[in-house]
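Structure file work15.csv (CSV, C-alpha atoms) follows.
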```
chain,number,residue,atom,x,y,z
A,283,MET,CA,-12.8,12.3,11.0
A,284,ASN,CA,-11.8,15.1,8.6
A,285,ASN,CA,-8.2,14.6,9.8
A,286,THR,CA,-8.2,10.9,9.2
A,287,PRO,CA,-5.2,10.1,6.9
A,288,ARG,CA,-6.2,9.0,3.4
A,289,SER,CA,-4.4,5.7,3.9
A,290,ASP,CA,-6.7,4.8,6.8
A,291,ARG,CA,-9.9,5.6,4.9
A,292,LEU,CA,-12.1,3.2,3.0
A,293,HIS,CA,-11.4,3.7,-0.7
A,294,ILE,CA,-14.6,3.7,-2.8
A,295,ALA,CA,-13.9,4.0,-6.5
A,296,ILE,CA,-16.4,4.9,-9.3
A,297,PHE,CA,-15.8,3.1,-12.6
A,298,GLY,CA,-17.6,3.0,-16.0
A,299,ARG,CA,-17.7,4.2,-19.6
A,300,ARG,CA,-17.5,7.8,-20.6
A,301,ASN,CA,-20.7,9.9,-20.1
A,302,VAL,CA,-22.5,7.5,-17.8
A,303,GLY,CA,-22.5,10.1,-15.1
A,304,LYS,CA,-19.6,9.0,-12.9
A,305,SER,CA,-18.6,12.6,-12.1
A,306,SER,CA,-22.2,13.6,-11.5
A,307,LEU,CA,-22.5,10.7,-9.1
A,308,LEU,CA,-19.4,11.8,-7.2
A,309,ASN,CA,-20.8,15.3,-6.8
A,310,ALA,CA,-24.2,13.9,-5.6
A,311,LEU,CA,-22.5,11.7,-3.0
A,312,THR,CA,-20.3,14.5,-1.7
A,313,GLY,CA,-22.9,17.3,-2.0
A,314,GLN,CA,-20.2,19.4,-3.7
A,315,GLU,CA,-19.0,20.3,-7.2
A,316,VAL,CA,-15.9,18.2,-6.8
A,317,ALA,CA,-15.6,16.9,-10.4
A,318,VAL,CA,-16.2,18.8,-13.6
A,319,VAL,CA,-19.4,17.7,-15.3
A,320,SER,CA,-19.9,18.1,-19.1
A,321,PRO,CA,-21.8,16.4,-21.9
A,322,VAL,CA,-18.5,16.1,-23.7
A,323,ALA,CA,-17.2,12.5,-23.5
A,324,GLY,CA,-13.9,12.1,-21.7
A,325,THR,CA,-14.1,15.2,-19.5
A,326,THR,CA,-12.5,13.4,-16.6
A,327,THR,CA,-8.8,13.0,-17.6
A,328,ASP,CA,-7.3,11.8,-14.3
A,329,PRO,CA,-8.7,10.2,-11.2
A,330,VAL,CA,-10.3,12.7,-8.8
A,331,TYR,CA,-10.0,12.0,-5.1
A,332,LYS,CA,-12.3,13.4,-2.4
A,333,SER,CA,-12.0,12.6,1.3
A,334,MET,CA,-15.2,12.9,3.2
A,335,GLU,CA,-17.3,11.3,5.9
A,336,VAL,CA,-20.2,8.9,5.0
A,337,LEU,CA,-22.3,8.2,8.1
A,338,PRO,CA,-22.5,5.7,9.6
A,339,LEU,CA,-19.7,4.2,7.5
A,340,GLY,CA,-17.1,6.8,8.6
A,341,PRO,CA,-14.2,8.5,6.8
A,342,VAL,CA,-13.8,7.4,3.2
A,343,VAL,CA,-12.1,8.4,0.0
A,344,LEU,CA,-14.3,8.7,-3.1
A,345,ILE,CA,-12.5,8.3,-6.4
A,346,ASP,CA,-13.8,9.3,-9.8
A,347,THR,CA,-12.0,7.6,-12.7
A,348,PRO,CA,-11.7,8.3,-16.5
A,349,GLY,CA,-14.0,6.4,-18.8
A,350,LEU,CA,-12.9,2.8,-19.5
A,351,ASP,CA,-13.9,3.1,-23.2
A,352,ASP,CA,-11.6,6.2,-23.8
A,353,GLU,CA,-9.9,6.2,-27.2
A,354,GLY,CA,-6.5,7.0,-28.8
A,355,ASP,CA,-3.0,7.2,-27.1
A,356,LEU,CA,-4.2,9.7,-24.6
A,357,GLY,CA,-7.2,7.6,-23.8
A,358,ARG,CA,-5.0,4.6,-23.2
A,359,LEU,CA,-3.0,6.5,-20.7
A,360,ARG,CA,-6.2,7.6,-18.9
A,361,ILE,CA,-7.4,4.0,-18.8
A,362,GLU,CA,-4.1,2.9,-17.3
A,363,LYS,CA,-4.7,5.6,-14.6
A,364,ALA,CA,-8.1,4.2,-13.9
A,365,GLN,CA,-6.7,0.7,-13.7
A,366,GLU,CA,-4.1,1.8,-11.1
A,367,VAL,CA,-7.0,3.0,-8.9
A,368,LEU,CA,-8.4,-0.6,-8.9
A,369,ARG,CA,-5.4,-1.9,-7.0
A,370,LYS,CA,-6.1,0.5,-4.0
A,371,THR,CA,-9.9,0.1,-4.1
A,372,ASP,CA,-11.8,-1.3,-1.1
A,373,LEU,CA,-15.3,-1.0,-2.6
A,374,ALA,CA,-16.3,-0.4,-6.2
A,375,LEU,CA,-19.2,1.3,-8.0
A,376,LEU,CA,-19.7,0.2,-11.6
A,377,VAL,CA,-21.9,2.9,-13.2
A,378,VAL,CA,-24.0,2.2,-16.3
A,379,SER,CA,-26.7,4.3,-17.9
A,380,PRO,CA,-29.9,3.6,-19.9
A,381,GLU,CA,-28.3,4.7,-23.1
A,382,GLY,CA,-25.1,2.6,-22.6
A,383,PRO,CA,-24.6,-1.0,-23.4
A,384,TRP,CA,-23.5,-3.8,-21.0
A,385,GLY,CA,-20.5,-5.2,-22.8
A,386,LYS,CA,-16.9,-6.3,-22.5
A,387,PHE,CA,-15.7,-3.3,-20.5
A,388,GLU,CA,-18.3,-4.0,-17.8
A,389,GLU,CA,-17.8,-7.8,-17.9
A,390,GLU,CA,-14.0,-7.5,-17.6
A,391,LEU,CA,-14.4,-5.1,-14.6
A,392,VAL,CA,-16.8,-7.5,-12.8
A,393,ALA,CA,-14.3,-10.3,-13.5
A,394,GLU,CA,-11.5,-8.2,-11.9
A,395,PHE,CA,-13.8,-7.4,-8.9
A,396,ASN,CA,-14.5,-11.1,-8.4
A,397,LYS,CA,-10.9,-12.1,-8.9
A,398,HIS,CA,-9.8,-9.9,-6.1
A,399,GLY,CA,-12.8,-10.5,-3.8
A,400,LEU,CA,-13.7,-6.9,-4.2
A,401,PRO,CA,-17.2,-5.9,-3.0
A,402,TYR,CA,-19.1,-3.9,-5.7
A,403,LEU,CA,-22.4,-2.4,-6.7
A,404,VAL,CA,-23.7,-1.9,-10.2
A,405,VAL,CA,-25.2,1.6,-10.2
A,406,VAL,CA,-27.8,2.3,-13.0
A,407,ASN,CA,-27.6,6.1,-13.2
A,408,LYS,CA,-30.0,8.5,-14.9
A,409,SER,CA,-33.0,6.6,-13.6
A,410,ASP,CA,-35.0,9.7,-14.3
A,411,ARG,CA,-34.7,8.8,-18.0
A,412,LEU,CA,-35.8,5.2,-17.6
A,413,GLY,CA,-39.4,6.0,-18.2
A,414,GLU,CA,-41.9,3.1,-18.2
A,415,GLU,CA,-41.4,-0.1,-16.2
A,416,GLU,CA,-40.9,-2.2,-19.3
A,417,ARG,CA,-37.9,-0.2,-20.4
A,418,THR,CA,-36.5,-0.4,-16.9
A,419,GLU,CA,-36.6,-4.2,-17.0
A,420,GLN,CA,-35.0,-4.2,-20.4
A,421,ILE,CA,-32.0,-2.3,-19.1
A,422,LEU,CA,-31.6,-4.3,-15.9
A,423,SER,CA,-31.9,-7.6,-17.9
A,424,ARG,CA,-28.6,-6.8,-19.6
A,425,ILE,CA,-26.8,-6.9,-16.2
A,426,PRO,CA,-25.8,-10.4,-14.9
A,427,GLY,CA,-28.2,-11.8,-12.4
A,428,GLN,CA,-25.6,-12.2,-9.6
A,429,ALA,CA,-24.6,-8.5,-9.8
A,430,PRO,CA,-26.0,-6.3,-7.0
A,431,VAL,CA,-27.9,-3.4,-8.6
A,432,VAL,CA,-29.1,-0.1,-7.4
A,433,LYS,CA,-31.0,2.5,-9.5
A,434,VAL,CA,-30.2,6.2,-8.9
A,435,SER,CA,-30.4,9.6,-10.5
A,436,ALA,CA,-27.5,11.8,-9.7
A,437,LEU,CA,-29.5,14.7,-11.2
A,438,THR,CA,-32.6,14.4,-9.1
A,439,GLY,CA,-31.3,12.6,-6.1
A,440,GLU,CA,-33.6,9.6,-6.6
A,441,GLY,CA,-32.2,6.4,-5.1
A,442,MET,CA,-29.2,8.1,-3.4
A,443,GLY,CA,-30.4,7.2,0.0
A,444,ASP,CA,-30.6,3.5,-1.1
A,445,LEU,CA,-27.1,3.7,-2.6
A,446,LEU,CA,-25.6,5.2,0.6
A,447,HIS,CA,-27.4,2.4,2.7
A,448,ARG,CA,-26.0,-0.3,0.4
A,449,LEU,CA,-22.5,1.3,0.6
A,450,CYS,CA,-22.6,1.3,4.4
A,451,ARG,CA,-23.6,-2.4,4.4
A,452,LEU,CA,-20.8,-3.4,2.1
A,453,GLY,CA,-18.2,-1.1,3.8
A,454,LYS,CA,-18.8,-2.4,7.3
A,455,ALA,CA,-17.1,-5.7,6.2
A,456,ASP,CA,-13.8,-3.7,6.5
A,457,ASP,CA,-14.3,-3.2,10.3
A,458,GLY,CA,-12.1,-6.1,11.2
A,459,ARG,CA,-8.9,-4.6,9.9
A,460,LEU,CA,-5.7,-4.9,12.0
A,461,HIS,CA,-4.7,-1.8,14.0
A,462,LEU,CA,-1.1,-0.9,14.5
A,463,VAL,CA,-0.6,-2.2,18.1
A,464,ASP,CA,-3.3,-4.9,18.1
A,465,GLY,CA,-2.2,-8.0,20.1
A,466,ILE,CA,1.1,-6.5,21.4
A,467,VAL,CA,-0.1,-3.7,23.7
A,468,GLY,CA,-2.9,-3.8,26.2
A,469,PRO,CA,-4.7,-1.2,28.5
A,470,GLY,CA,-2.3,0.3,31.1
A,471,ASP,CA,0.9,-0.9,29.4
A,472,LEU,CA,3.7,1.7,29.3
A,473,VAL,CA,5.2,2.2,25.8
A,474,LEU,CA,8.2,4.3,25.0
A,475,LEU,CA,8.3,6.0,21.6
A,476,VAL,CA,11.7,7.1,20.4
A,477,THR,CA,11.3,10.0,18.0
A,478,PRO,CA,14.4,11.8,16.7
A,479,ILE,CA,14.0,15.5,16.0
A,480,ASP,CA,16.3,16.2,13.1
A,481,ARG,CA,16.3,17.8,9.7
A,482,GLU,CA,13.9,15.1,8.4
A,483,ALA,CA,11.3,16.0,11.1
A,484,PRO,CA,8.6,18.5,10.0
A,485,LYS,CA,8.7,21.8,11.9
A,486,GLY,CA,6.4,21.9,14.9
A,487,ARG,CA,5.0,18.4,14.6
A,488,LEU,CA,5.8,14.6,14.6
A,489,ILE,CA,5.9,12.7,11.3
A,490,LEU,CA,2.8,10.8,10.3
A,491,PRO,CA,3.8,7.3,11.4
A,492,GLN,CA,4.7,8.6,14.9
A,493,GLN,CA,1.3,10.4,15.1
A,494,GLN,CA,-0.6,7.4,14.0
A,495,VAL,CA,1.1,5.0,16.4
A,496,LEU,CA,0.7,7.4,19.3
A,497,ARG,CA,-3.0,7.7,18.6
A,498,ASP,CA,-3.4,4.0,18.3
A,499,LEU,CA,-1.7,3.5,21.7
A,500,LEU,CA,-4.2,5.9,23.3
A,501,ASP,CA,-7.1,4.1,21.6
A,502,HIS,CA,-5.8,0.9,23.2
A,503,GLY,CA,-5.7,2.5,26.7
A,504,ALA,CA,-1.9,2.3,26.9
A,505,LEU,CA,0.4,4.9,28.6
A,506,ALA,CA,2.7,6.5,26.0
A,507,LEU,CA,5.9,8.3,26.8
A,508,VAL,CA,7.6,10.1,23.9
A,509,VAL,CA,11.3,10.8,24.1
A,510,LYS,CA,14.2,11.7,21.8
A,511,GLU,CA,17.0,9.2,21.3
A,512,THR,CA,19.2,11.5,23.3
A,513,GLY,CA,16.9,11.3,26.3
A,514,LEU,CA,16.2,7.5,26.3
A,515,GLU,CA,18.8,6.5,28.9
A,516,GLU,CA,17.6,9.2,31.3
A,517,ALA,CA,14.0,8.1,30.8
A,518,PHE,CA,14.9,4.6,31.9
A,519,THR,CA,16.5,5.9,35.1
A,520,LYS,CA,13.3,7.7,36.1
A,521,LEU,CA,10.8,5.0,35.3
A,522,ALA,CA,9.3,3.0,38.2
A,523,VAL,CA,8.2,0.2,36.0
A,524,ARG,CA,9.6,-1.6,33.0
A,525,PRO,CA,8.1,-0.6,29.7
A,526,ALA,CA,6.0,-3.2,27.9
A,527,LEU,CA,7.5,-2.1,24.6
A,528,VAL,CA,9.8,0.4,23.0
A,529,ILE,CA,9.0,1.6,19.5
A,530,THR,CA,11.8,3.5,17.7
A,531,ASP,CA,12.4,5.4,14.5
A,532,SER,CA,14.4,3.0,12.3
A,533,ARG,CA,17.2,5.5,11.6
A,534,VAL,CA,18.3,5.2,15.3
A,535,PHE,CA,17.8,1.5,15.7
A,536,ALA,CA,21.4,0.7,16.6
A,537,GLN,CA,21.6,3.5,19.3
A,538,VAL,CA,18.2,2.6,20.8
A,539,ASN,CA,19.1,-1.2,20.8
A,540,ALA,CA,22.2,-0.4,22.8
A,541,ALA,CA,20.3,1.7,25.4
A,542,VAL,CA,17.2,-0.5,25.9
A,543,PRO,CA,17.7,-3.5,28.3
A,544,ALA,CA,17.6,-6.9,26.6
A,545,GLU,CA,14.5,-8.0,28.5
A,546,VAL,CA,12.5,-5.0,27.1
A,547,PRO,CA,10.7,-5.7,23.8
A,548,LEU,CA,11.9,-3.4,21.0
A,549,THR,CA,10.5,-2.8,17.5
A,550,SER,CA,10.1,0.2,15.0
A,551,PHE,CA,7.4,2.3,13.6
A,552,SER,CA,8.1,1.0,10.2
A,553,ILE,CA,7.8,-2.7,11.2
A,554,LEU,CA,4.4,-1.9,12.8
A,555,PHE,CA,3.3,-0.5,9.5
A,556,ALA,CA,4.8,-3.5,7.6
A,557,ARG,CA,2.6,-5.7,9.7
A,558,GLN,CA,-0.6,-3.6,9.4
A,559,LYS,CA,-0.3,-2.9,5.6
A,560,GLY,CA,1.2,-6.1,4.3
A,561,ASN,CA,2.5,-9.6,5.0
A,562,LEU,CA,5.2,-9.1,7.7
A,563,GLY,CA,6.4,-12.7,7.2
A,564,LEU,CA,7.2,-12.0,3.5
A,565,PHE,CA,9.1,-8.8,4.5
A,566,TYR,CA,11.0,-10.7,7.2
A,567,ARG,CA,12.1,-13.6,4.9
A,568,ALA,CA,13.1,-11.2,2.1
A,569,ALA,CA,15.8,-9.7,4.3
A,570,GLU,CA,17.8,-12.9,3.8
A,571,ALA,CA,18.1,-12.0,0.1
A,572,VAL,CA,20.8,-9.4,1.2
A,573,LYS,CA,23.2,-12.3,1.6
A,574,ASP,CA,23.0,-13.2,-2.1
A,575,LEU,CA,23.6,-9.7,-3.6
A,576,GLN,CA,26.5,-9.4,-6.0
A,577,ASP,CA,28.3,-6.5,-7.7
A,578,GLY,CA,26.2,-4.7,-10.2
A,579,ASP,CA,22.8,-6.0,-8.9
A,580,ARG,CA,20.0,-3.5,-9.3
A,581,ILE,CA,17.9,-2.5,-6.2
A,582,LEU,CA,14.6,-0.7,-6.4
A,583,VAL,CA,13.9,1.7,-3.4
A,584,ALA,CA,10.1,2.5,-3.4
A,585,GLU,CA,8.3,5.1,-1.3
A,586,GLY,CA,4.6,5.6,-1.0
A,587,CYS,CA,4.8,9.4,-0.9
A,588,THR,CA,6.7,12.3,-2.4
A,589,HIS,CA,8.6,14.6,-0.1
A,590,HIS,CA,11.5,17.1,0.0
A,591,ARG,CA,14.6,15.1,0.6
A,592,GLN,CA,17.3,16.3,3.0
A,593,GLY,CA,21.0,15.6,2.7
A,594,ASP,CA,20.9,12.4,4.8
A,595,ASP,CA,17.6,11.0,3.3
A,596,ILE,CA,16.9,7.5,4.6
A,597,GLY,CA,15.8,6.1,1.2
A,598,THR,CA,18.3,7.7,-1.2
A,599,VAL,CA,21.3,8.0,1.1
A,600,VAL,CA,21.2,6.1,4.4
A,601,ILE,CA,19.9,2.7,3.3
A,602,PRO,CA,22.0,2.5,0.1
A,603,ARG,CA,25.1,3.4,2.1
A,604,LEU,CA,24.4,0.8,4.8
A,605,LEU,CA,23.6,-1.9,2.3
A,606,CYS,CA,26.8,-1.4,0.4
A,607,GLN,CA,28.8,-1.4,3.6
A,608,LYS,CA,27.1,-4.6,4.8
A,609,THR,CA,27.5,-6.5,1.6
A,610,GLY,CA,30.8,-5.1,0.4
A,611,LYS,CA,29.3,-5.0,-3.1
A,612,LYS,CA,28.9,-2.2,-5.7
A,613,LEU,CA,25.1,-2.0,-6.1
A,614,SER,CA,22.9,0.0,-8.4
A,615,PHE,CA,19.9,1.8,-6.9
A,616,ASP,CA,16.7,3.1,-8.6
A,617,HIS,CA,14.2,5.2,-6.8
A,618,VAL,CA,10.4,5.6,-7.2
A,619,SER,CA,7.9,7.4,-5.1
A,620,GLY,CA,4.1,8.0,-4.9
A,621,GLY,CA,2.0,6.0,-7.3
A,622,ASP,CA,4.9,5.3,-9.6
A,623,PHE,CA,5.5,1.6,-9.1
A,624,SER,CA,6.5,-0.4,-12.2
A,625,GLY,CA,4.7,-3.6,-13.2
A,626,ASP,CA,7.9,-5.1,-14.4
A,627,LEU,CA,10.4,-5.8,-11.5
A,628,THR,CA,12.3,-8.6,-13.2
A,629,GLY,CA,15.5,-6.5,-13.6
A,630,TYR,CA,15.8,-6.1,-9.8
A,631,LYS,CA,17.4,-8.4,-7.2
A,632,LEU,CA,15.6,-6.7,-4.3
A,633,VAL,CA,12.8,-4.2,-3.7
A,634,ILE,CA,13.1,-2.1,-0.6
A,635,HIS,CA,9.8,-0.4,0.4
A,636,CYS,CA,9.1,2.3,2.9
A,637,GLY,CA,6.7,1.8,5.8
A,638,ALA,CA,3.7,2.8,3.5
A,639,CYS,CA,2.0,5.1,6.0
A,640,MET,CA,0.6,7.0,3.0
A,641,LEU,CA,-0.7,3.9,1.2
A,642,ASN,CA,-3.7,1.9,2.1
A,643,LYS,CA,-3.6,-1.8,2.7
A,644,LYS,CA,-4.9,-2.8,-0.7
A,645,GLU,CA,-2.2,-0.9,-2.5
A,646,MET,CA,0.6,-2.3,-0.3
A,647,GLU,CA,-0.6,-5.8,-0.7
A,648,TYR,CA,-0.8,-5.4,-4.4
A,649,ARG,CA,2.8,-4.2,-4.5
A,650,GLN,CA,4.0,-7.1,-2.3
A,651,GLN,CA,2.1,-9.7,-4.4
A,652,MET,CA,3.4,-8.2,-7.6
A,653,ALA,CA,7.0,-8.6,-6.4
A,654,ALA,CA,6.3,-12.2,-5.1
A,655,ALA,CA,4.7,-13.2,-8.4
A,656,GLN,CA,7.9,-12.1,-10.3
A,657,GLY,CA,10.2,-13.8,-7.9
A,658,VAL,CA,11.7,-10.5,-6.5
A,659,PRO,CA,12.0,-10.3,-2.7
A,660,MET,CA,10.6,-7.1,-1.2
A,661,VAL,CA,11.7,-6.0,2.2
A,662,ASN,CA,10.4,-3.1,4.4
A,663,TYR,CA,12.6,-0.2,5.6
A,664,GLY,CA,12.3,-1.1,9.2
A,665,VAL,CA,12.9,-4.8,8.7
A,666,LEU,CA,16.0,-4.1,6.5
A,667,LEU,CA,17.5,-1.6,8.9
A,668,ALA,CA,17.1,-4.0,11.8
A,669,TYR,CA,18.8,-6.7,9.7
A,670,LEU,CA,21.7,-4.4,8.7
A,671,HIS,CA,22.3,-3.5,12.3
A,672,GLY,CA,22.2,-7.2,13.4
A,673,ILE,CA,19.1,-6.8,15.6
A,674,LEU,CA,16.3,-8.2,13.4
A,675,ALA,CA,15.6,-11.2,15.7
A,676,ARG,CA,14.9,-8.8,18.5
A,677,ALA,CA,12.9,-6.3,16.5
A,678,ILE,CA,10.6,-9.0,15.2
A,679,ALA,CA,10.3,-10.9,18.5
A,680,PRO,CA,7.0,-9.1,19.5
A,681,PHE,CA,5.4,-10.7,16.5
A,682,GLN,CA,7.1,-14.1,16.5
A,683,LYS,CA,4.0,-16.1,17.7
A,684,GLU,CA,1.9,-14.4,15.0
A,685,LEU,CA,4.5,-15.1,12.3
A,686,SER,CA,4.8,-18.8,13.3
A,687,ALA,CA,1.0,-19.2,13.2
A,688,ARG,CA,0.8,-17.6,9.7
A,689,LYS,CA,3.7,-19.8,8.5
A,690,GLU,CA,1.9,-22.9,9.7
A,691,LYS,CA,-1.2,-21.8,7.7
A,692,GLY,CA,1.0,-21.2,4.7
A,693,VAL,CA,0.2,-17.5,4.7
```

Spit out the file's structure as structure tokens when you get a sec.
Amino acid sequence: MNNTPRSDRLHIAIFGRRNVGKSSLLNALTGQEVAVVSPVAGTTTDPVYKSMEVLPLGPVVLIDTPGLDDEGDLGRLRIEKAQEVLRKTDLALLVVSPEGPWGKFEEELVAEFNKHGLPYLVVVNKSDRLGEEERTEQILSRIPGQAPVVKVSALTGEGMGDLLHRLCRLGKADDGRLHLVDGIVGPGDLVLLVTPIDREAPKGRLILPQQQVLRDLLDHGALALVVKETGLEEAFTKLAVRPALVITDSRVFAQVNAAVPAEVPLTSFSILFARQKGNLGLFYRAAEAVKDLQDGDRILVAEGCTHHRQGDDIGTVVIPRLLCQKTGKKLSFDHVSGGDFSGDLTGYKLVIHCGACMLNKKEMEYRQQMAAAQGVPMVNYGVLLAYLHGILARAIAPFQKELSARKEKGV
């Protein structure tokens, strides 16, 4: 579980005012001095992420955020960072203390939790200071009756067992998440993975999307055969049975499409992630926006991670080149990576997003919904590359029934 990618972990974020004990709570939950603790208000300046295992919940990411009542220009920036965390949060802890009021900060946060259907707990920290029962009730009476409350002391450990128990109960609601090859691969199916080994490939290992798909195939009881694009045709001559599916890296889509018989289903790693992390139907329909691009249109290319770019980088070189060739237009491209995703997309005609293997589902859905709300189509790398090579219908065919069912439901 220690090797589980952050994007596949349940994200539990800790929110609250300054000096309510958020960092102390994070340290108590992890059993480590992960965050700096100080009586000085505003000690936490940026979100602190800690990957760990919480049994029986499993692998999680705990996130400590700056105080929501921080002041000044620097405080405003810290608050913005805390609010960015909210969009990737699966489960929230709202921390209050006996000395602190229940006011607009807490009410606004609870409203956001409810708006997004986000499970949360109100954690009354520093319960060792509560004293007599009468004062305890006075503090709890300030918290809305419908809010789930747990009392703890990060200092003494009081109530931490109850908090972990409550976290596990809430977190288990996430067990029904879609896995990468759910519904398209079954036990005993033979699946070919086409994985180019070029300058973009990390030395001595596969890239993360390839690793994750391979593991998911094994978890589904499938038989996985990994080949380079140069060995694909030879692999087909040696196989006694037809593969149930071929999954390819998007950059060799055209070559693999030509080599794989028409009757064999074909898709890409990136399209699998588009389906798992977001709404594949929206990505699919957004590809049609390419037809409407005109000279001078601005395109945003967004990636969920930062990495060292090689000369033929897919996001900054390959996709822009292919898109300009396909449209015959002079287009303008902007590039963002990691957590840098603007709230204002109105200047763009199209957003092109990576497979999001480094983003969790909450964050990818947020980005997709943001673009949709502003009327800007967002397409995924794999979907776009299949479209540009004229093979989108084939690449999306393994999910066609699923897409039709979602369309009927208006999803």

Among A:Ser333, A:Gln558, A:Thr549, A:Ser435, Leu307 in chain A is approached most closely, using only C-alpha atoms, by A:Ser435

inquiry  = At a cut-off of 12 Å, using all atoms listed in the file, what residues contact Glu516 in chain A? Leave out same-chain residues fewer than 6 positions from it and give the result as a ChimeraX atom specification.
reply    = /A:509-510,541-542

Nearest residue to Val463 in chain A from the set A:Asp501, A:Asp622, A:Glu645, A:Glu381 (distances using only C-alpha atoms):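 Using only C-alpha atoms, Val463 in chain A sits closest to A:Asp501.
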
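Take the candidates A:Pro680, A:Gly340, A:Pro469, A:Gly399 and check each one against Leu373 in chain A using all atoms listed in the file; the shortest distance goes to A:Gly399.
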
Leaving out Gln428 in chain A and any residue of its chain fewer than 5 positions from it, which residues lie within 12 Å of it when counting all atoms listed in the file, given as a ChimeraX atom specification? /A:392,396,402-404,422-423

Checklist entry - What gap, in Å, lies between CA of His617 in chain A and CA of Leu674 in chain A? => result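 For CA of His617 in chain A relative to CA of Leu674 in chain A, the distance reads 24.3 Å.
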
What's the separation between CA of Ile489 in chain A and CA of Gly513 in chain A, in Å to one decimal place?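 Going from CA of Ile489 in chain A over to CA of Gly513 in chain A, I get 18.7 Å.
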
message = Is it possible to get the residues within 12 Å of (8.1, 14.0, 13.1) (coordinates as in the file, counting all atoms listed in the file) written as a list of chain:residue names?
response =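 Here is the list of nearby residues: A:Leu475, A:Val476, A:Thr477, A:Pro478, A:Ile479, A:Asp480, A:Arg481, A:Glu482, A:Ala483, A:Pro484, A:Lys485, A:Gly486, A:Arg487, A:Leu488, A:Ile489, A:Leu490, A:Pro491, A:Gln492, A:Gln493, A:Gln494, A:Val495, A:Leu496, A:Val508, A:Val509, A:Lys510, A:Asp531, A:Phe551.
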
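Contact shell of Gly620 in chain A at 10 Å (all atoms listed in the file; same-chain neighbours under 2 positions omitted): Ala584, Glu585, Gly586, Cys587, Thr588, His589, Val618, Asp622, Phe623, Ala638, Met640 and Leu641 of chain A.
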
* **Selected residue, from A:Lys611, A:Lys559, A:Asp471, A:Pro602, that lies nearest to Asp579 in chain A when counting only C-alpha atoms** =>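 With only C-alpha atoms as the atom set, the closest residue is A:Lys611.
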
Can you tell me which residues surround Val658 in chain A at a distance of at most 12 Å, considering only C-alpha atoms, apart from same-chain residues fewer than 6 positions away, and format the answer as a PyMOL selection string? chain A and resi 564-565+567-569+571-572+580-582+625-634+649-652

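CA of Asp595 in chain A to CA of Leu474 in chain A spans 24.6 Å [interatomic distance, one decimal].
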
- If we count only C-alpha atoms, what is near range 682-688 of chain A at a cut-off of 10 Å, once residues fewer than 5 positions away on the same chain are taken out, given as a list in words?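 Close residues of range 682-688 of chain A: Gly465, Arg557, Asn561, Leu562, Gly563, Leu564, Tyr566, Ala675, Arg676, Ala677 and Val693 of chain A.
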
Tell me which of A:Gln365, A:Asn301, A:Asn642, A:Thr512 sits closest to Asn407 in chain A, counting all atoms listed in the file.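 Smallest distance to Asn407 in chain A is found for A:Asn301.
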
key: Distance criterion (all atoms listed in the file): nearest to Met646 in chain A out of A:Gly560, A:Leu604, A:Gly303, A:Leu339   =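 Of A:Gly560, A:Leu604, A:Gly303, A:Leu339, the one nearest Met646 in chain A, counting all atoms listed in the file, is A:Gly560.
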